[in-house]
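Enquirer: This is the structure I have questions about; it appears just below.
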Amino acid sequence: RVPTLIVVCVLLSNFQVSNACLSQGSALPSCNLTPNRVASSVQKDLHEGRPIVDMENAGTEFFEDFEFQGKELKIKQNTFQGHNAVIWDASRVLAKYFEFSNPQLANKKVLELGSGCGLVGICLASMGASVTLTELPGRTALLEENVQATVPEHPVVVRSCVWGKVGTTTAWGAVEDFGNEWDTITGSDLVYADESTSHLIETLKHCCGRNTEIIISQELRKPKDLEFFRMLPSHGFAFRKLTKEELHPVFQANEIAVFQIRREKSAFDTIVEETKEGVEEAKSP
């Protein structure tokens with residue numbers, strides 16, 4: 001008889017951020033991040049109804065049945081493939097935010113950065129969006145498998161993506177041009193390594209059009225995670241942290257923030273010109 005496998009999902013972060021620390025359109029003030037464990041009731045609510053898996057006995061591959069708009073999406077994960085191949089809490093919160101806010105995404109072009117297992121992008125595709133999911137080169141196989149298993153009838157593209165200035169090469173590979181005609185750019189837990197933060201900003205600058213909306217979630221694990229948000233205004237972006245009332249009433253936690261980011265109109269034309277010059281310069285022999 002095969003024993004029932006049990007999983008306990010735990011939030012990994014220990015920091016809380018206040019609304020005052022993340023004010024719209026300006027450099028962030030000095031934030032007082034204090035250690036904070038999510039209350040057991042919040043953890044129970046955040047993970048309620050999820051299949052529980054004993055990671056020690058389940059091997060490297062396992063599935064999560066994620067309920068979205070009345071349907072169950074079976075998302076495959078693989079611990080052997082690294083941190084990008086498991087679902088993190090920030091992506092659950094982000095996916096449920098989209099379910100709760102229910103934006104009109106039919107035929108909208110959506111770019112997801114750092115897609116991991118593809119949970120958020122797959123959810124948006126099921127809402128009718130035309131989604132491009134991205135991951136680092138060599139890490140897209142699980143994405144493609146999950147897309148085919150969950151939303152094969154929807155227009156979903158899976159591509160390798162290296163963040164940075166178009167035409168350059170970073171430690172992760174060559175930076176390709178993804179254009180700037182996106183209606184929405186999204187992603188979860190994109191701030192995870194200090195060396196990639198500046199490259200992420202370059203990608204957002206290039207891909208964010210005049211009317212593009214960026215919606216990202218971030219689990220704030222350490223004070224330094226806020227550096228990305230402190231840098232945004234100096235690169236022509238305005239942003240705000242969504243309130244608890246705007247998030248799914250169950251799928252939220254103090255340590256996980258969701259941000260809405262937009263291009264400052266006055267900065268858009270300047271950045272476009274700088275980008276064009278950079279692309280032309282990279283093409284020159």
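Scheme for the structure tokens: letters A, B, ... for chains in order shown; per-chain residue numbers from 1; ligand numbers from 1 in order shown.
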Might you pull out every residue within 12 Å of Asn78 (chain A), with only C-alpha atoms counted and same-chain residues fewer than 4 positions away left off, and present them as JSON, numbers by chain?

Expert: {"A": [55, 58, 59, 60, 61, 62, 63, 64, 82, 83, 84, 85, 86, 87, 116, 117, 139, 141, 142, 143, 145, 146]}

Enquirer: Filtering to N, CA, C and O atoms, could you give me those residues as a compact mmCIF listing (two decimals), in the first residue's frame?

Expert:
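Wrote it out as selection05.txt, contents follow:
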```
# COMPACT_ATOMS: atom_id res chain seq x y z
N MET A 55 8.33 16.14 0.76
CA MET A 55 9.44 16.37 -0.16
C MET A 55 10.54 15.33 0.01
O MET A 55 11.28 15.05 -0.91
N ALA A 58 9.10 12.19 -1.92
CA ALA A 58 8.41 12.33 -3.20
C ALA A 58 9.35 12.33 -4.39
O ALA A 58 8.91 12.36 -5.52
N GLY A 59 10.65 12.29 -4.16
CA GLY A 59 11.58 12.36 -5.27
C GLY A 59 11.75 13.80 -5.73
O GLY A 59 11.35 14.74 -5.06
N THR A 60 12.33 13.99 -6.91
CA THR A 60 12.60 15.35 -7.37
C THR A 60 11.43 15.95 -8.12
O THR A 60 11.32 17.16 -8.21
N GLU A 61 10.55 15.12 -8.67
CA GLU A 61 9.40 15.62 -9.43
C GLU A 61 8.12 15.49 -8.62
O GLU A 61 7.87 14.46 -7.99
N PHE A 62 7.31 16.54 -8.64
CA PHE A 62 6.01 16.49 -7.99
C PHE A 62 5.12 17.54 -8.62
O PHE A 62 5.57 18.39 -9.39
N PHE A 63 3.83 17.48 -8.32
CA PHE A 63 2.85 18.36 -8.95
C PHE A 63 2.08 19.13 -7.90
O PHE A 63 1.91 18.67 -6.77
N GLU A 64 1.61 20.31 -8.30
CA GLU A 64 0.70 21.08 -7.46
C GLU A 64 -0.56 21.37 -8.26
O GLU A 64 -0.49 21.88 -9.38
N GLY A 82 16.68 23.03 -9.73
CA GLY A 82 17.05 24.29 -9.12
C GLY A 82 15.87 25.13 -8.68
O GLY A 82 14.71 24.74 -8.83
N HIS A 83 16.19 26.32 -8.14
CA HIS A 83 15.16 27.15 -7.53
C HIS A 83 14.12 27.66 -8.53
O HIS A 83 13.00 27.99 -8.16
N ASN A 84 14.48 27.72 -9.82
CA ASN A 84 13.52 28.20 -10.81
C ASN A 84 12.47 27.14 -11.16
O ASN A 84 11.47 27.45 -11.81
N ALA A 85 12.69 25.91 -10.72
CA ALA A 85 11.80 24.82 -11.10
C ALA A 85 10.83 24.42 -10.00
O ALA A 85 10.26 23.33 -10.02
N VAL A 86 10.64 25.30 -9.03
CA VAL A 86 9.63 25.09 -7.99
C VAL A 86 8.78 26.36 -7.89
O VAL A 86 9.22 27.44 -8.27
N ILE A 87 7.56 26.22 -7.39
CA ILE A 87 6.66 27.36 -7.25
C ILE A 87 6.95 28.07 -5.93
O ILE A 87 6.94 27.45 -4.87
N GLY A 116 9.96 30.62 -14.33
CA GLY A 116 10.09 29.44 -13.47
C GLY A 116 9.29 28.27 -13.99
O GLY A 116 9.50 27.79 -15.10
N CYS A 117 8.30 27.81 -13.20
CA CYS A 117 7.44 26.71 -13.63
C CYS A 117 6.33 27.18 -14.56
O CYS A 117 5.63 26.37 -15.15
N ARG A 139 16.83 26.49 -19.44
CA ARG A 139 15.92 26.24 -18.32
C ARG A 139 14.44 26.38 -18.73
O ARG A 139 13.60 26.69 -17.91
N ALA A 141 12.70 23.86 -20.49
CA ALA A 141 12.04 22.57 -20.77
C ALA A 141 10.83 22.35 -19.87
O ALA A 141 9.76 21.92 -20.34
N LEU A 142 10.95 22.64 -18.58
CA LEU A 142 9.84 22.45 -17.66
C LEU A 142 8.70 23.41 -17.99
O LEU A 142 7.52 23.04 -17.90
N LEU A 143 9.05 24.63 -18.38
CA LEU A 143 8.04 25.60 -18.81
C LEU A 143 7.21 25.05 -19.96
O LEU A 143 5.98 25.09 -19.94
N GLU A 145 6.81 22.02 -20.91
CA GLU A 145 6.03 20.85 -20.50
C GLU A 145 4.75 21.28 -19.78
O GLU A 145 3.67 20.73 -20.04
N ASN A 146 4.86 22.26 -18.89
CA ASN A 146 3.68 22.72 -18.16
C ASN A 146 2.68 23.43 -19.06
O ASN A 146 1.46 23.30 -18.88
```

Enquirer: List as a list in words the protein and nucleic acid residues near Leu133 (chain A), meaning an atom at most 9 Å away when only C-alpha atoms are counted, but skip any in the same chain fewer than 6 places from it.

Expert: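 Final neighbour list, sorted by chain and number: Val110, Leu111, Glu112, Leu113, Gly114, Ser115, Gly116, Gly118, Gly121, Ile122, Thr140, Leu143, Val156, Val157, Val158, Arg159 and Ser160 of chain A.
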
Enquirer: Let's have the selection written as a compact mmCIF listing (two decimals), in the first residue's frame, with N, CA, C and O atoms.

Expert:
```txt
# COMPACT_ATOMS: atom_id res chain seq x y z
N VAL A 110 1.23 39.81 -23.20
CA VAL A 110 1.81 39.75 -21.86
C VAL A 110 3.19 39.10 -21.93
O VAL A 110 3.34 38.03 -22.54
N LEU A 111 4.15 39.73 -21.30
CA LEU A 111 5.50 39.17 -21.18
C LEU A 111 5.75 38.84 -19.72
O LEU A 111 5.63 39.71 -18.85
N GLU A 112 6.06 37.57 -19.45
CA GLU A 112 6.44 37.20 -18.08
C GLU A 112 7.94 36.97 -18.03
O GLU A 112 8.48 36.16 -18.79
N LEU A 113 8.60 37.65 -17.13
CA LEU A 113 10.03 37.48 -16.92
C LEU A 113 10.25 36.48 -15.78
O LEU A 113 9.48 36.44 -14.82
N GLY A 114 11.31 35.69 -15.89
CA GLY A 114 11.62 34.72 -14.84
C GLY A 114 10.46 33.81 -14.53
O GLY A 114 10.05 33.66 -13.37
N SER A 115 9.93 33.15 -15.55
CA SER A 115 8.68 32.41 -15.41
C SER A 115 8.77 31.18 -14.51
O SER A 115 7.74 30.73 -13.99
N GLY A 116 9.96 30.62 -14.33
CA GLY A 116 10.09 29.44 -13.47
C GLY A 116 9.29 28.27 -13.99
O GLY A 116 9.50 27.79 -15.10
N GLY A 118 6.12 28.50 -14.61
CA GLY A 118 5.11 29.05 -15.52
C GLY A 118 3.75 29.30 -14.91
O GLY A 118 2.80 29.60 -15.64
N GLY A 121 2.12 32.94 -15.78
CA GLY A 121 1.85 33.07 -17.21
C GLY A 121 0.77 32.13 -17.69
O GLY A 121 -0.06 32.50 -18.53
N ILE A 122 0.76 30.92 -17.17
CA ILE A 122 -0.27 29.95 -17.54
C ILE A 122 -1.65 30.44 -17.08
O ILE A 122 -2.64 30.33 -17.80
N THR A 140 14.18 26.12 -19.99
CA THR A 140 12.80 26.30 -20.47
C THR A 140 12.03 24.99 -20.68
O THR A 140 10.84 25.01 -20.98
N LEU A 143 9.05 24.63 -18.38
CA LEU A 143 8.04 25.60 -18.81
C LEU A 143 7.21 25.05 -19.96
O LEU A 143 5.98 25.09 -19.94
N VAL A 156 0.50 30.60 -26.37
CA VAL A 156 1.58 30.79 -25.42
C VAL A 156 2.91 30.49 -26.10
O VAL A 156 3.05 29.47 -26.78
N VAL A 157 3.85 31.39 -25.92
CA VAL A 157 5.20 31.22 -26.48
C VAL A 157 6.19 31.08 -25.32
O VAL A 157 6.08 31.81 -24.32
N VAL A 158 7.11 30.15 -25.43
CA VAL A 158 8.17 30.00 -24.43
C VAL A 158 9.51 30.36 -25.08
O VAL A 158 9.85 29.81 -26.13
N ARG A 159 10.23 31.29 -24.47
CA ARG A 159 11.51 31.74 -25.04
C ARG A 159 12.57 31.85 -23.95
O ARG A 159 12.27 32.12 -22.79
N SER A 160 13.81 31.66 -24.37
CA SER A 160 14.93 31.96 -23.48
C SER A 160 15.11 33.47 -23.41
O SER A 160 14.90 34.17 -24.41
```

Enquirer: Please report the interatomic distance between CA of Arg240 (chain A) and CA of Phe259 (chain A) in Å with one decimal.

Expert: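 So the answer is 5.7 Å.
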
Enquirer: Determine, using only C-alpha atoms, which residues of region 92-207 of chain A have any atom at most 7 Å from an atom of region 216-230 of chain A, and tabulate each with its shortest atom pair and distance in Å to one decimal place, rows ordered by chain and then rising number, as CSV.

Expert:
```
residue,atom,partner,partner_atom,distance
A:Leu94,CA,A:Ser217,CA,5.9
A:Thr186,CA,A:Ile216,CA,5.2
A:Gly187,CA,A:Ile216,CA,4.9
A:Ser188,CA,A:Ser217,CA,4.7
A:Asp189,CA,A:Gln218,CA,4.6
A:Val191,CA,A:Asp225,CA,6.4
A:Thr197,CA,A:Phe228,CA,6.3
```

Enquirer: Take the residues from that selection and write them out as a JSON list (two decimals), in the first residue's frame, keeping N, CA and C atoms.

Expert:
```json
[["chain", "number", "residue", "atom", "x", "y", "z"],
["A", 94, "LEU", "N", 0.75, 36.43, -6.69],
["A", 94, "LEU", "CA", 0.55, 37.20, -7.92],
["A", 94, "LEU", "C", -0.55, 36.60, -8.79],
["A", 186, "THR", "N", 5.01, 41.07, -16.42],
["A", 186, "THR", "CA", 4.81, 40.57, -15.07],
["A", 186, "THR", "C", 5.95, 39.64, -14.66],
["A", 187, "GLY", "N", 5.99, 39.31, -13.39],
["A", 187, "GLY", "CA", 7.02, 38.42, -12.88],
["A", 187, "GLY", "C", 6.96, 38.38, -11.36],
["A", 188, "SER", "N", 7.50, 37.32, -10.80],
["A", 188, "SER", "CA", 7.50, 37.17, -9.33],
["A", 188, "SER", "C", 8.89, 36.81, -8.85],
["A", 189, "ASP", "N", 9.26, 37.38, -7.70],
["A", 189, "ASP", "CA", 10.58, 37.14, -7.11],
["A", 189, "ASP", "C", 11.70, 37.38, -8.12],
["A", 191, "VAL", "N", 13.81, 39.88, -8.03],
["A", 191, "VAL", "CA", 14.99, 40.42, -7.33],
["A", 191, "VAL", "C", 15.52, 39.34, -6.41],
["A", 197, "THR", "N", 20.30, 42.73, -10.73],
["A", 197, "THR", "CA", 19.32, 43.81, -10.56],
["A", 197, "THR", "C", 19.45, 44.87, -11.64]]
```

Enquirer: Between A:Arg92, A:Lys205, A:His154, A:Lys74, which residue has the minimum interatomic distance to Ile185 (chain A), considering only C-alpha atoms?

Expert: A:Lys205

Enquirer: With the cut-off set at 12 Å and counting only C-alpha atoms, tabulate each residue of region 47-155 of chain A with an atom at most that distance from an atom of region 172-183 of chain A, showing the nearest atom pair and its distance in Å to one decimal, ordered by chain and increasing number, as JSON lines.

Expert:
```
{"residue": "A:Pro103", "atom": "CA", "partner": "A:Asp183", "partner_atom": "CA", "distance": 11.7}
{"residue": "A:Gln104", "atom": "CA", "partner": "A:Asp183", "partner_atom": "CA", "distance": 11.1}
{"residue": "A:Leu105", "atom": "CA", "partner": "A:Asp183", "partner_atom": "CA", "distance": 9.0}
{"residue": "A:Ala106", "atom": "CA", "partner": "A:Asp183", "partner_atom": "CA", "distance": 11.0}
{"residue": "A:Asn107", "atom": "CA", "partner": "A:Asp183", "partner_atom": "CA", "distance": 9.8}
{"residue": "A:Lys108", "atom": "CA", "partner": "A:Asp183", "partner_atom": "CA", "distance": 6.0}
{"residue": "A:Lys109", "atom": "CA", "partner": "A:Trp182", "partner_atom": "CA", "distance": 5.2}
{"residue": "A:Val110", "atom": "CA", "partner": "A:Trp182", "partner_atom": "CA", "distance": 5.9}
{"residue": "A:Leu111", "atom": "CA", "partner": "A:Trp182", "partner_atom": "CA", "distance": 6.7}
{"residue": "A:Glu112", "atom": "CA", "partner": "A:Trp182", "partner_atom": "CA", "distance": 10.2}
{"residue": "A:Leu113", "atom": "CA", "partner": "A:Phe178", "partner_atom": "CA", "distance": 11.1}
{"residue": "A:Ala129", "atom": "CA", "partner": "A:Asp183", "partner_atom": "CA", "distance": 9.8}
{"residue": "A:Ser130", "atom": "CA", "partner": "A:Asp183", "partner_atom": "CA", "distance": 9.9}
{"residue": "A:Val131", "atom": "CA", "partner": "A:Trp182", "partner_atom": "CA", "distance": 9.7}
{"residue": "A:Thr132", "atom": "CA", "partner": "A:Trp182", "partner_atom": "CA", "distance": 9.9}
{"residue": "A:Leu133", "atom": "CA", "partner": "A:Phe178", "partner_atom": "CA", "distance": 11.6}
{"residue": "A:Thr134", "atom": "CA", "partner": "A:Phe178", "partner_atom": "CA", "distance": 10.5}
{"residue": "A:Glu135", "atom": "CA", "partner": "A:Trp172", "partner_atom": "CA", "distance": 10.9}
{"residue": "A:Leu136", "atom": "CA", "partner": "A:Trp172", "partner_atom": "CA", "distance": 7.4}
{"residue": "A:Pro137", "atom": "CA", "partner": "A:Gly173", "partner_atom": "CA", "distance": 7.7}
{"residue": "A:Gly138", "atom": "CA", "partner": "A:Trp172", "partner_atom": "CA", "distance": 10.4}
{"residue": "A:Arg139", "atom": "CA", "partner": "A:Trp172", "partner_atom": "CA", "distance": 11.6}
```

Enquirer: Would you save the residues from that selection as a PDB file, in the first residue's frame, using N, CA and C atoms?

Expert:
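What landed in result-v9.pdb:
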```
ATOM      1  N   PRO A 103      -8.533  41.455 -14.506  1.00  0.00           N
ATOM      2  CA  PRO A 103      -8.364  42.421 -15.594  1.00  0.00           C
ATOM      3  C   PRO A 103      -8.804  41.830 -16.927  1.00  0.00           C
ATOM      4  N   GLN A 104      -9.175  42.701 -17.845  1.00  0.00           N
ATOM      5  CA  GLN A 104      -9.580  42.246 -19.173  1.00  0.00           C
ATOM      6  C   GLN A 104      -8.325  41.991 -20.017  1.00  0.00           C
ATOM      7  N   LEU A 105      -7.955  40.730 -20.157  1.00  0.00           N
ATOM      8  CA  LEU A 105      -6.696  40.378 -20.818  1.00  0.00           C
ATOM      9  C   LEU A 105      -6.887  39.707 -22.171  1.00  0.00           C
ATOM     10  N   ALA A 106      -8.102  39.556 -22.618  1.00  0.00           N
ATOM     11  CA  ALA A 106      -8.343  38.892 -23.898  1.00  0.00           C
ATOM     12  C   ALA A 106      -7.564  39.582 -25.011  1.00  0.00           C
ATOM     13  N   ASN A 107      -6.721  38.805 -25.682  1.00  0.00           N
ATOM     14  CA  ASN A 107      -5.903  39.282 -26.807  1.00  0.00           C
ATOM     15  C   ASN A 107      -4.853  40.315 -26.415  1.00  0.00           C
ATOM     16  N   LYS A 108      -4.613  40.504 -25.122  1.00  0.00           N
ATOM     17  CA  LYS A 108      -3.559  41.405 -24.677  1.00  0.00           C
ATOM     18  C   LYS A 108      -2.213  40.677 -24.720  1.00  0.00           C
ATOM     19  N   LYS A 109      -1.156  41.431 -25.038  1.00  0.00           N
ATOM     20  CA  LYS A 109       0.189  40.849 -25.104  1.00  0.00           C
ATOM     21  C   LYS A 109       0.861  40.961 -23.735  1.00  0.00           C
ATOM     22  N   VAL A 110       1.225  39.806 -23.197  1.00  0.00           N
ATOM     23  CA  VAL A 110       1.810  39.754 -21.862  1.00  0.00           C
ATOM     24  C   VAL A 110       3.186  39.101 -21.927  1.00  0.00           C
ATOM     25  N   LEU A 111       4.152  39.726 -21.299  1.00  0.00           N
ATOM     26  CA  LEU A 111       5.504  39.170 -21.183  1.00  0.00           C
ATOM     27  C   LEU A 111       5.751  38.839 -19.724  1.00  0.00           C
ATOM     28  N   GLU A 112       6.060  37.572 -19.445  1.00  0.00           N
ATOM     29  CA  GLU A 112       6.438  37.204 -18.084  1.00  0.00           C
ATOM     30  C   GLU A 112       7.937  36.966 -18.028  1.00  0.00           C
ATOM     31  N   LEU A 113       8.600  37.650 -17.134  1.00  0.00           N
ATOM     32  CA  LEU A 113      10.029  37.478 -16.918  1.00  0.00           C
ATOM     33  C   LEU A 113      10.251  36.478 -15.780  1.00  0.00           C
ATOM     34  N   ALA A 129      -5.118  35.946 -22.442  1.00  0.00           N
ATOM     35  CA  ALA A 129      -3.989  36.764 -22.868  1.00  0.00           C
ATOM     36  C   ALA A 129      -3.085  35.988 -23.818  1.00  0.00           C
ATOM     37  N   SER A 130      -2.393  36.719 -24.671  1.00  0.00           N
ATOM     38  CA  SER A 130      -1.359  36.141 -25.532  1.00  0.00           C
ATOM     39  C   SER A 130      -0.033  36.293 -24.790  1.00  0.00           C
ATOM     40  N   VAL A 131       0.445  35.199 -24.216  1.00  0.00           N
ATOM     41  CA  VAL A 131       1.530  35.260 -23.241  1.00  0.00           C
ATOM     42  C   VAL A 131       2.836  34.720 -23.803  1.00  0.00           C
ATOM     43  N   THR A 132       3.929  35.417 -23.493  1.00  0.00           N
ATOM     44  CA  THR A 132       5.276  34.920 -23.742  1.00  0.00           C
ATOM     45  C   THR A 132       5.938  34.666 -22.397  1.00  0.00           C
ATOM     46  N   LEU A 133       6.270  33.412 -22.133  1.00  0.00           N
ATOM     47  CA  LEU A 133       6.936  33.035 -20.893  1.00  0.00           C
ATOM     48  C   LEU A 133       8.430  32.922 -21.151  1.00  0.00           C
ATOM     49  N   THR A 134       9.239  33.377 -20.209  1.00  0.00           N
ATOM     50  CA  THR A 134      10.683  33.386 -20.429  1.00  0.00           C
ATOM     51  C   THR A 134      11.436  32.828 -19.225  1.00  0.00           C
ATOM     52  N   GLU A 135      12.564  32.229 -19.541  1.00  0.00           N
ATOM     53  CA  GLU A 135      13.510  31.776 -18.513  1.00  0.00           C
ATOM     54  C   GLU A 135      14.916  31.827 -19.106  1.00  0.00           C
ATOM     55  N   LEU A 136      15.902  31.626 -18.267  1.00  0.00           N
ATOM     56  CA  LEU A 136      17.281  31.628 -18.728  1.00  0.00           C
ATOM     57  C   LEU A 136      17.516  30.504 -19.741  1.00  0.00           C
ATOM     58  N   PRO A 137      18.499  30.680 -20.636  1.00  0.00           N
ATOM     59  CA  PRO A 137      18.820  29.627 -21.603  1.00  0.00           C
ATOM     60  C   PRO A 137      19.092  28.299 -20.897  1.00  0.00           C
ATOM     61  N   GLY A 138      18.528  27.233 -21.448  1.00  0.00           N
ATOM     62  CA  GLY A 138      18.725  25.910 -20.881  1.00  0.00           C
ATOM     63  C   GLY A 138      17.762  25.558 -19.760  1.00  0.00           C
ATOM     64  N   ARG A 139      16.830  26.490 -19.439  1.00  0.00           N
ATOM     65  CA  ARG A 139      15.920  26.237 -18.322  1.00  0.00           C
ATOM     66  C   ARG A 139      14.445  26.377 -18.730  1.00  0.00           C
TER      67      ARG A 139
END
```
